[in-house]
>>> print(open('coords29.pdb').read())   # PDB, C-alpha atoms
ATOM      1  CA  MET O  26      83.630  25.802  21.597
ATOM      2  CA  ASN O  27      82.598  22.423  20.203
ATOM      3  CA  ASP O  28      79.984  22.084  22.937
ATOM      4  CA  ILE O  29      78.498  25.479  22.044
ATOM      5  CA  LEU O  30      78.336  24.613  18.326
ATOM      6  CA  SER O  31      76.837  21.189  19.014
ATOM      7  CA  SER O  32      74.253  22.657  21.367
ATOM      8  CA  LEU O  33      73.281  25.369  18.880
ATOM      9  CA  SER O  34      73.080  22.864  16.027
ATOM     10  CA  SER O  35      70.847  20.556  18.047
ATOM     11  CA  GLN O  36      68.585  23.428  19.076
ATOM     12  CA  LEU O  37      68.184  24.668  15.496
ATOM     13  CA  ALA O  38      67.476  21.157  14.211
ATOM     14  CA  HIS O  39      64.872  20.718  16.933
ATOM     15  CA  ALA O  40      63.266  24.049  15.994
ATOM     16  CA  ALA O  41      62.988  22.971  12.351
ATOM     17  CA  GLU O  42      61.462  19.643  13.330
ATOM     18  CA  GLN O  43      58.945  21.337  15.626
ATOM     19  CA  ALA O  44      57.851  23.762  12.894
ATOM     20  CA  ALA O  45      57.790  21.151  10.133
ATOM     21  CA  ALA O  46      54.491  19.660  11.288
ATOM     22  CA  SER O  47      52.685  22.856  10.238
ATOM     23  CA  VAL O  48      54.498  23.255   6.910
ATOM     24  CA  VAL O  49      52.741  21.538   4.010
ATOM     25  CA  GLN O  50      53.108  21.490   0.247
ATOM     26  CA  VAL O  51      50.550  22.936  -2.174
ATOM     27  CA  TYR O  52      50.131  21.600  -5.720
ATOM     28  CA  ALA O  53      48.404  23.660  -8.409
ATOM     29  CA  ARG O  54      49.210  24.018 -12.129
ATOM     30  CA  ARG O  55      52.634  25.455 -11.439
ATOM     31  CA  ARG O  56      55.482  23.929  -9.444
ATOM     32  CA  PRO O  57      54.695  22.815  -5.887
ATOM     33  CA  VAL O  58      55.132  25.472  -3.228
ATOM     34  CA  ALA O  59      55.190  25.344   0.552
ATOM     35  CA  GLY O  60      52.229  26.447   2.637
ATOM     36  CA  LEU O  61      51.634  27.047   6.332
ATOM     37  CA  ALA O  62      48.743  25.769   8.430
ATOM     38  CA  ILE O  63      47.417  28.700  10.477
ATOM     39  CA  ALA O  64      44.268  26.992  11.791
ATOM     40  CA  GLU O  65      42.815  23.498  11.974
ATOM     41  CA  ASP O  66      41.688  23.531   8.336
ATOM     42  CA  LEU O  67      43.327  26.667   6.881
ATOM     43  CA  VAL O  68      46.559  27.022   4.911
ATOM     44  CA  VAL O  69      48.156  30.181   3.551
ATOM     45  CA  THR O  70      50.658  30.351   0.710
ATOM     46  CA  PRO O  71      51.847  33.023  -1.758
ATOM     47  CA  ALA O  72      48.999  33.622  -4.210
ATOM     48  CA  GLN O  73      51.225  34.158  -7.241
ATOM     49  CA  HIS O  74      51.885  30.424  -7.391
ATOM     50  CA  ILE O  75      48.197  29.441  -7.286
ATOM     51  CA  ASP O  76      46.230  29.394 -10.551
ATOM     52  CA  ASP O  77      43.283  27.161  -9.641
ATOM     53  CA  ASP O  78      40.416  27.373  -7.183
ATOM     54  CA  VAL O  79      40.984  23.748  -6.144
ATOM     55  CA  VAL O  80      44.452  22.507  -5.139
ATOM     56  CA  VAL O  81      46.051  19.443  -3.595
ATOM     57  CA  VAL O  82      47.726  19.870  -0.212
ATOM     58  CA  ARG O  83      50.354  17.375   0.883
ATOM     59  CA  ARG O  84      51.354  16.876   4.500
ATOM     60  CA  GLY O  85      54.869  16.073   5.608
ATOM     61  CA  ASP O  86      53.964  12.380   5.927
ATOM     62  CA  GLY O  87      52.908  12.265   2.261
ATOM     63  CA  HIS O  88      49.142  12.217   2.853
ATOM     64  CA  THR O  89      47.289  14.394   0.314
ATOM     65  CA  THR O  90      43.977  16.236   0.668
ATOM     66  CA  GLU O  91      42.030  18.465  -1.690
ATOM     67  CA  GLY O  92      41.664  22.084  -0.673
ATOM     68  CA  THR O  93      39.531  25.009  -1.872
ATOM     69  CA  VAL O  94      41.059  28.433  -2.438
ATOM     70  CA  LEU O  95      38.830  30.822  -0.480
ATOM     71  CA  GLY O  96      40.448  33.959  -1.816
ATOM     72  CA  ARG O  97      43.543  36.068  -2.152
ATOM     73  CA  SER O  98      44.668  39.005  -0.054
ATOM     74  CA  PRO O  99      45.727  41.876  -2.370
ATOM     75  CA  GLY O 100      47.847  43.579   0.260
ATOM     76  CA  THR O 101      49.897  40.617   1.482
ATOM     77  CA  GLY O 102      49.741  38.575  -1.711
ATOM     78  CA  LEU O 103      48.677  35.466   0.224
ATOM     79  CA  ALA O 104      46.122  32.888  -0.869
ATOM     80  CA  VAL O 105      43.889  31.289   1.770
ATOM     81  CA  ILE O 106      43.013  27.613   1.321
ATOM     82  CA  ARG O 107      40.447  25.620   3.289
ATOM     83  CA  VAL O 108      41.479  21.975   3.676
ATOM     84  CA  PRO O 109      38.875  19.891   5.558
ATOM     85  CA  GLY O 110      40.492  17.134   7.585
ATOM     86  CA  LEU O 111      44.004  18.458   7.027
ATOM     87  CA  GLY O 112      45.150  16.938  10.309
ATOM     88  CA  VAL O 113      48.210  19.033  11.096
ATOM     89  CA  PRO O 114      48.767  21.372  14.055
ATOM     90  CA  PRO O 115      48.496  25.109  13.367
ATOM     91  CA  ALA O 116      51.700  27.112  13.530
ATOM     92  CA  ARG O 117      52.596  28.526  16.936
ATOM     93  CA  HIS O 118      53.068  32.278  16.958
ATOM     94  CA  ALA O 119      56.315  33.916  18.053
ATOM     95  CA  ALA O 120      56.866  37.491  19.170
ATOM     96  CA  GLU O 121      58.318  39.929  16.641
ATOM     97  CA  PRO O 122      62.058  39.351  16.248
ATOM     98  CA  ARG O 123      64.800  41.915  16.661
ATOM     99  CA  VAL O 124      67.324  42.805  14.002
ATOM    100  CA  GLY O 125      70.278  40.449  14.454
ATOM    101  CA  HIS O 126      68.250  37.490  15.712
ATOM    102  CA  LEU O 127      69.013  34.108  14.167
ATOM    103  CA  ALA O 128      66.088  32.280  12.581
ATOM    104  CA  VAL O 129      65.404  29.108  10.602
ATOM    105  CA  ALA O 130      63.624  29.116   7.239
ATOM    106  CA  VAL O 131      61.540  25.933   7.030
ATOM    107  CA  GLY O 132      60.060  24.673   3.774
ATOM    108  CA  ARG O 133      59.599  21.607   1.587
ATOM    109  CA  THR O 134      61.775  20.114  -1.146
ATOM    110  CA  TRP O 135      60.360  19.205  -4.549
ATOM    111  CA  SER O 136      59.657  15.684  -3.277
ATOM    112  CA  GLY O 137      58.027  16.961  -0.073
ATOM    113  CA  GLY O 138      60.932  16.421   2.306
ATOM    114  CA  LEU O 139      61.847  18.852   5.057
ATOM    115  CA  PHE O 140      64.085  21.753   4.032
ATOM    116  CA  ALA O 141      65.676  24.066   6.606
ATOM    117  CA  SER O 142      68.155  26.902   6.298
ATOM    118  CA  LEU O 143      69.769  29.094   8.943
ATOM    119  CA  THR O 144      69.411  32.825   8.353
ATOM    120  CA  SER O 145      69.342  36.083  10.290
ATOM    121  CA  VAL O 146      66.902  38.957  10.636
ATOM    122  CA  VAL O 147      68.373  42.051   8.978
ATOM    123  CA  VAL O 148      65.354  44.406   8.845
ATOM    124  CA  VAL O 149      62.105  44.722  10.781
ATOM    125  CA  GLY O 150      59.961  47.610   9.657
ATOM    126  CA  GLY O 151      57.467  48.980   7.203
ATOM    127  CA  PRO O 152      55.175  49.752   5.610
ATOM    128  CA  LEU O 153      56.065  48.023   2.349
ATOM    129  CA  ARG O 154      54.084  49.218  -0.667
ATOM    130  CA  THR O 155      52.707  46.262  -2.659
ATOM    131  CA  GLY O 156      50.447  48.151  -5.066
ATOM    132  CA  ARG O 157      49.011  51.569  -5.839
ATOM    133  CA  ALA O 158      46.492  51.253  -3.035
ATOM    134  CA  SER O 159      47.877  48.406  -0.926
ATOM    135  CA  GLU O 160      50.730  47.858   1.472
ATOM    136  CA  ILE O 161      51.975  45.519   4.173
ATOM    137  CA  ALA O 162      52.087  47.451   7.425
ATOM    138  CA  ARG O 163      55.180  45.642   8.679
ATOM    139  CA  VAL O 164      57.657  43.164   7.207
ATOM    140  CA  ILE O 165      60.646  41.105   8.272
ATOM    141  CA  ARG O 166      63.624  40.730   5.954
ATOM    142  CA  THR O 167      66.221  37.997   6.234
ATOM    143  CA  SER O 168      69.831  37.864   5.076
ATOM    144  CA  SER O 169      69.289  34.984   2.649
ATOM    145  CA  ALA O 170      67.975  35.347  -0.894
ATOM    146  CA  PRO O 171      64.609  33.726  -1.793
ATOM    147  CA  HIS O 172      64.687  29.962  -2.352
ATOM    148  CA  GLY O 173      62.001  27.884  -4.026
ATOM    149  CA  ALA O 174      61.919  25.300  -1.244
ATOM    150  CA  THR O 175      61.164  27.862   1.476
ATOM    151  CA  THR O 176      58.716  30.055  -0.455
ATOM    152  CA  GLY O 177      55.421  29.763   1.416
ATOM    153  CA  GLY O 178      57.120  28.151   4.381
ATOM    154  CA  ALA O 179      57.759  29.407   7.897
ATOM    155  CA  LEU O 180      60.466  31.579   9.375
ATOM    156  CA  VAL O 181      60.810  30.271  12.921
ATOM    157  CA  ASP O 182      62.667  31.133  16.105
ATOM    158  CA  GLY O 183      64.873  28.841  18.192
ATOM    159  CA  ASP O 184      61.834  27.214  19.786
ATOM    160  CA  GLY O 185      60.166  26.407  16.470
ATOM    161  CA  ARG O 186      57.548  29.144  16.832
ATOM    162  CA  THR O 187      56.584  30.978  13.645
ATOM    163  CA  LEU O 188      57.798  34.509  13.046
ATOM    164  CA  GLY O 189      56.259  34.843   9.600
ATOM    165  CA  ILE O 190      55.398  33.481   6.153
ATOM    166  CA  ILE O 191      58.306  33.455   3.717
ATOM    167  CA  THR O 192      57.634  34.994   0.302
ATOM    168  CA  SER O 193      59.543  34.909  -2.973
ATOM    169  CA  ALA O 194      59.907  38.701  -2.925
ATOM    170  CA  ALA O 195      63.407  40.111  -2.657
ATOM    171  CA  ILE O 196      64.729  43.529  -1.727
ATOM    172  CA  ARG O 197      68.427  44.013  -2.456
ATOM    173  CA  GLY O 198      69.149  40.317  -1.991
ATOM    174  CA  THR O 199      67.100  39.901   1.173
ATOM    175  CA  THR O 200      63.900  37.853   1.465
ATOM    176  CA  VAL O 201      60.618  39.484   2.477
ATOM    177  CA  VAL O 202      58.713  37.698   5.243
ATOM    178  CA  ILE O 203      55.142  38.576   6.259
ATOM    179  CA  PRO O 204      54.788  38.592  10.068
ATOM    180  CA  ILE O 205      52.555  35.761  11.254
ATOM    181  CA  ASP O 206      50.059  38.055  13.006
ATOM    182  CA  LEU O 207      49.550  40.083   9.814
ATOM    183  CA  ALA O 208      49.208  36.902   7.751
ATOM    184  CA  THR O 209      46.505  35.474   9.999
ATOM    185  CA  ALA O 210      44.669  38.811  10.064
ATOM    186  CA  ALA O 211      44.762  38.949   6.254
ATOM    187  CA  ALA O 212      43.382  35.398   6.090
ATOM    188  CA  ALA O 213      40.547  36.321   8.449
ATOM    189  CA  ASP O 214      39.728  39.303   6.223
ATOM    190  CA  VAL O 215      39.582  37.106   3.123
ATOM    191  CA  ILE O 216      37.227  34.690   4.878
ATOM    192  CA  ALA O 217      35.032  37.532   6.132
ATOM    193  CA  GLN O 218      34.571  38.741   2.557
ATOM    194  CA  GLY O 219      32.637  35.686   1.630
ATOM    195  CA  GLY O 220      34.100  32.248   1.220
ATOM    196  CA  ALA O 221      34.915  30.363  -1.932
ATOM    197  CA  SER O 222      32.531  31.682  -4.617
ATOM    198  CA  GLN O 223      34.281  34.065  -6.979
ATOM    199  CA  GLY O 224      32.266  36.738  -8.723
ATOM    200  CA  TYR O 225      32.490  37.677 -12.378
ATOM    201  CA  ILE O 226      31.234  40.610 -14.439
ATOM    202  CA  GLY O 227      33.100  39.962 -17.692
ATOM    203  CA  ILE O 228      35.620  42.726 -18.148
ATOM    204  CA  SER O 229      39.344  43.101 -18.610
ATOM    205  CA  SER O 230      40.849  46.178 -17.030
ATOM    206  CA  THR O 231      44.044  47.958 -16.140
ATOM    207  CA  ALA O 232      44.820  50.536 -13.474
ATOM    208  CA  VAL O 233      45.241  54.080 -14.821
ATOM    209  CA  ASN O 234      46.193  57.378 -13.265
ATOM    210  CA  LEU O 235      43.337  59.890 -13.103
ATOM    211  CA  PRO O 236      44.247  63.504 -13.805
ATOM    212  CA  ALA O 237      42.687  65.825 -11.253
ATOM    213  CA  ARG O 238      40.282  67.329 -13.797
ATOM    214  CA  GLN O 239      38.890  63.868 -14.654
ATOM    215  CA  ARG O 240      38.151  62.694 -11.115
ATOM    216  CA  ALA O 241      34.666  64.218 -10.962
ATOM    217  CA  GLY O 242      35.283  65.402  -7.430
ATOM    218  CA  ARG O 243      36.788  62.130  -6.153
ATOM    219  CA  ALA O 244      40.033  62.150  -4.190
ATOM    220  CA  GLN O 245      41.463  58.859  -5.471
ATOM    221  CA  GLU O 246      44.330  58.978  -7.964
ATOM    222  CA  TYR O 247      43.674  55.709  -9.817
ATOM    223  CA  GLY O 248      40.784  53.840 -11.392
ATOM    224  CA  LEU O 249      40.253  50.766 -13.588
ATOM    225  CA  LEU O 250      40.125  51.421 -17.315
ATOM    226  CA  VAL O 251      37.840  48.879 -19.002
ATOM    227  CA  THR O 252      39.898  47.500 -21.897
ATOM    228  CA  GLY O 253      37.616  44.650 -22.930
ATOM    229  CA  LEU O 254      34.068  43.301 -22.501
ATOM    230  CA  VAL O 255      32.815  39.721 -22.817
ATOM    231  CA  GLU O 256      29.729  39.685 -25.031
ATOM    232  CA  GLY O 257      26.636  38.686 -23.052
ATOM    233  CA  SER O 258      28.419  39.092 -19.700
ATOM    234  CA  PRO O 259      26.898  40.919 -16.701
ATOM    235  CA  ALA O 260      28.958  44.024 -17.524
ATOM    236  CA  ASP O 261      27.811  43.937 -21.155
ATOM    237  CA  ALA O 262      24.175  43.546 -20.072
ATOM    238  CA  ALA O 263      24.546  46.473 -17.668
ATOM    239  CA  GLY O 264      25.745  48.743 -20.475
ATOM    240  CA  LEU O 265      29.409  49.153 -19.603
ATOM    241  CA  LEU O 266      31.611  50.354 -22.432
ATOM    242  CA  VAL O 267      35.253  49.916 -23.332
ATOM    243  CA  GLY O 268      36.872  53.129 -22.144
ATOM    244  CA  ASP O 269      34.765  53.434 -18.989
ATOM    245  CA  ILE O 270      36.804  53.925 -15.829
ATOM    246  CA  ILE O 271      35.562  52.031 -12.745
ATOM    247  CA  VAL O 272      36.302  54.001  -9.586
ATOM    248  CA  GLY O 273      34.024  52.360  -7.015
ATOM    249  CA  PHE O 274      32.141  49.197  -6.088
ATOM    250  CA  GLU O 275      29.202  49.518  -3.704
ATOM    251  CA  GLY O 276      30.497  52.858  -2.433
ATOM    252  CA  THR O 277      34.076  51.655  -1.831
ATOM    253  CA  ALA O 278      36.927  53.055  -3.918
ATOM    254  CA  VAL O 279      38.518  50.694  -6.443
ATOM    255  CA  GLN O 280      41.998  51.512  -7.736
ATOM    256  CA  GLU O 281      43.452  48.114  -8.673
ATOM    257  CA  PRO O 282      42.023  45.028 -10.437
ATOM    258  CA  GLU O 283      42.677  42.914  -7.315
ATOM    259  CA  GLN O 284      40.460  45.176  -5.227
ATOM    260  CA  LEU O 285      37.525  44.640  -7.576
ATOM    261  CA  VAL O 286      38.105  40.881  -7.618
ATOM    262  CA  MET O 287      38.146  40.694  -3.810
ATOM    263  CA  ARG O 288      34.894  42.633  -3.520
ATOM    264  CA  MET O 289      33.059  40.215  -5.832
ATOM    265  CA  ARG O 290      33.210  37.165  -3.584
ATOM    266  CA  GLY O 291      30.853  35.003  -1.593
ATOM    267  CA  GLU O 292      27.526  36.628  -0.857
ATOM    268  CA  ARG O 293      28.010  39.178  -3.659
ATOM    269  CA  VAL O 294      27.555  36.449  -6.288
ATOM    270  CA  GLY O 295      24.102  36.540  -7.883
ATOM    271  CA  LYS O 296      23.206  39.947  -6.465
ATOM    272  CA  PRO O 297      23.147  43.422  -8.019
ATOM    273  CA  ALA O 298      25.963  45.787  -7.131
ATOM    274  CA  MET O 299      26.499  49.445  -7.912
ATOM    275  CA  LEU O 300      29.552  50.387  -9.943
ATOM    276  CA  SER O 301      30.781  53.972  -9.897
ATOM    277  CA  LEU O 302      32.113  54.975 -13.316
ATOM    278  CA  LEU O 303      33.757  57.859 -15.063
ATOM    279  CA  ARG O 304      32.608  58.117 -18.669
ATOM    280  CA  GLY O 305      33.801  61.015 -20.775
ATOM    281  CA  GLY O 306      34.705  62.944 -17.643
ATOM    282  CA  ALA O 307      31.226  62.578 -16.110
ATOM    283  CA  ALA O 308      30.313  60.404 -13.114
ATOM    284  CA  HIS O 309      27.820  57.559 -13.575
ATOM    285  CA  GLU O 310      26.323  54.857 -11.358
ATOM    286  CA  VAL O 311      25.574  51.529 -13.043
ATOM    287  CA  SER O 312      23.934  48.478 -11.478
ATOM    288  CA  VAL O 313      25.451  45.148 -12.491
ATOM    289  CA  THR O 314      24.447  41.674 -11.318
ATOM    290  CA  VAL O 315      27.549  39.760 -10.247
ATOM    291  CA  GLY O 316      27.776  36.352 -11.882
ATOM    292  CA  GLU O 317      29.775  33.360 -10.621
ATOM    293  CA  ARG O 318      33.075  32.529 -12.226
ATOM    294  CA  ARG O 319      33.292  28.927 -13.388
ATOM    295  CA  SER O 320      36.586  27.037 -13.291
TER     296      SER O 320
END
>>> encode(input="coords29.pdb", output="structure tokens")
Amino acid sequence: MNDILSSLSSQLAHAAEQAAASVVQVYARRRPVAGLAIAEDLVVTPAQHIDDDVVVVRRGDGHTTEGTVLGRSPGTGLAVIRVPGLGVPPARHAAEPRVGHLAVAVGRTWSGGLFASLTSVVVVGGPLRTGRASEIARVIRTSSAPHGATTGGALVDGDGRTLGIITSAAIRGTTVVIPIDLATAAAADVIAQGGASQGYIGISSTAVNLPARQRAGRAQEYGLLVTGLVEGSPADAAGLLVGDIIVGFEGTAVQEPEQLVMRMRGERVGKPAMLSLLRGGAAHEVSVTVGERRS
């Protein structure tokens, strides 16, 4: 019995050490949070903890490097950070676990040290709704409750291969983990939408339900109610009004503020874009030139 326990303990410790090389720490305005290297110069971490467009990323050996936030994935809630010269190996991917499998949650302590916790997989399934128009197709849930040290870190198997990115989301006391394949696909989508420049049109908005008679023939159930306008902003210059409801951007439906933000990135900055609006129950198309948000 002692031999079995010793062997298992050694294997789990080895798995944590193997995974630790890819687990970094991300510093923004809030408390530090773990992050996972998914490519030579790319790190993902939960977006809710990232306020700035430039962050400091700290490796396990204490070396720090500045990184640029390329964007945020509305569906998964992950932020994608490019860190030139990061110098850590990308996480190795593991196959999807089965319910009942043991796993190790690997993160970073406040001071940057390695943190590891044994847990088990209690649910594998989905989809998990994350917004009115967004969802994660598949999630893993573990038996342990969320912990600050592992948020943004890696859930790994007995060989130190990554099963997923650990979030701070909880469902009935279990922690939600985004499968590694979905996380990397979400990161690729963020990058494909245009890099680091963030667009700006100068509105505040909130998602509202659209009664059927106010949809002007559209199928979508939600739109963005414009609740405020910045004087002299692109939206103001284009003639938007408080009370307008934005339902589309360049022909693509918009139902949540995050969707509009994600569509105004990269190559969109500095160019005109067509907004689809509902104003007084009538459909309108308004051209607005997307400005660049300044930090």
>>> residues_around(input="coords29.pdb", residues="O:Gly132", least_positions_apart="6", cutoff="12 Å", atoms="all atoms listed in the file", output="JSON, numbers by chain")
{"O": [41, 42, 44, 45, 46, 47, 48, 49, 50, 51, 57, 58, 59, 60, 61, 70, 84, 85, 138, 139, 140, 141, 142, 143, 171, 172, 173, 174, 175, 176, 177, 178, 179, 180, 181, 190, 191, 192]}
>>> residues_around(input="coords29.pdb", residues="O:Thr155", least_positions_apart="6", cutoff="12 Å", atoms="all atoms listed in the file", output="VMD selection string")
chain O and resid 98 to 103 161 to 164 194 201 281 283
>>> resolve_selection(input="coords29.pdb", expression="the PyMOL selection byres ((chain O and resi 303) around 8)", output="PyMOL selection string")
chain O and resi 239-241+269-272+301-302+304-309
>>> closest_residue(input="coords29.pdb", among="O:Asp66, O:Ala278, O:Leu300, O:Leu127", to="O:Arg107", atoms="only C-alpha atoms")
O:Asp66
>>> closest_residue(input="coords29.pdb", among="O:Asp28, O:Glu160, O:Glu275, O:Glu121", to="O:Val148", atoms="only C-alpha atoms")
O:Glu121
>>> resolve_selection(input="coords29.pdb", expression="the PyMOL selection byres ((chain O and resi 312) around 8)", output="ChimeraX atom specification")
/O:263,297-300,310-311,313-314
>>> closest_residue(input="coords29.pdb", among="O:Val267, O:Val131, O:Gly224, O:Ala232", to="O:Gly316", atoms="all atoms listed in the file")
O:Gly224
>>> atom_distance(input="coords29.pdb", atom1="atom CA of O:Ala208", atom2="atom CA of O:Val146")
18.0 Å
>>> residues_around(input="coords29.pdb", residues="stretch 252-261 of chain O", least_positions_apart="3", cutoff="8 Å", atoms="only C-alpha atoms", output="PyMOL selection string")
chain O and resi 225-231+264-268+313-316
>>> residues_around(input="coords29.pdb", residues="O:Ala195", least_positions_apart="6", cutoff="10 Å", atoms="all atoms listed in the file", output="list in words")
Arg166, Thr167, Ser169, Ala170, Pro171, Val201 and Val202 of chain O
>>> atom_distance(input="coords29.pdb", atom1="atom CA of O:Phe274", atom2="atom CA of O:Gly96")
17.9 Å
>>> residues_around(input="coords29.pdb", residues="O:Val147", least_positions_apart="3", cutoff="9 Å", atoms="only C-alpha atoms", output="PyMOL selection string")
chain O and resi 123-126+165-168+199
>>> resolve_selection(input="coords29.pdb", expression="the PyMOL selection byres ((chain O and resi 290) around 12)", output="MDAnalysis selection string")
chainID O and resid 94:97 214:226 283:289 291:296 298 315:318
>>> write_last_selection(input="coords29.pdb", atoms="C-alpha atoms", output="short mmCIF file (atom, residue, chain, number, x, y, z; two decimals), in the coordinates of the input")
data_model
loop_
_atom_site.label_atom_id
_atom_site.label_comp_id
_atom_site.auth_asym_id
_atom_site.auth_seq_id
_atom_site.Cartn_x
_atom_site.Cartn_y
_atom_site.Cartn_z
CA VAL O 94 41.06 28.43 -2.44
CA LEU O 95 38.83 30.82 -0.48
CA GLY O 96 40.45 33.96 -1.82
CA ARG O 97 43.54 36.07 -2.15
CA ASP O 214 39.73 39.30 6.22
CA VAL O 215 39.58 37.11 3.12
CA ILE O 216 37.23 34.69 4.88
CA ALA O 217 35.03 37.53 6.13
CA GLN O 218 34.57 38.74 2.56
CA GLY O 219 32.64 35.69 1.63
CA GLY O 220 34.10 32.25 1.22
CA ALA O 221 34.92 30.36 -1.93
CA SER O 222 32.53 31.68 -4.62
CA GLN O 223 34.28 34.06 -6.98
CA GLY O 224 32.27 36.74 -8.72
CA TYR O 225 32.49 37.68 -12.38
CA ILE O 226 31.23 40.61 -14.44
CA GLU O 283 42.68 42.91 -7.32
CA GLN O 284 40.46 45.18 -5.23
CA LEU O 285 37.52 44.64 -7.58
CA VAL O 286 38.10 40.88 -7.62
CA MET O 287 38.15 40.69 -3.81
CA ARG O 288 34.89 42.63 -3.52
CA MET O 289 33.06 40.22 -5.83
CA GLY O 291 30.85 35.00 -1.59
CA GLU O 292 27.53 36.63 -0.86
CA ARG O 293 28.01 39.18 -3.66
CA VAL O 294 27.56 36.45 -6.29
CA GLY O 295 24.10 36.54 -7.88
CA LYS O 296 23.21 39.95 -6.46
CA ALA O 298 25.96 45.79 -7.13
CA VAL O 315 27.55 39.76 -10.25
CA GLY O 316 27.78 36.35 -11.88
CA GLU O 317 29.78 33.36 -10.62
CA ARG O 318 33.08 32.53 -12.23
#
>>> closest_residue(input="coords29.pdb", among="O:His74, O:Arg243, O:Arg154, O:His118", to="O:Gly185", atoms="all atoms listed in the file")
O:His118
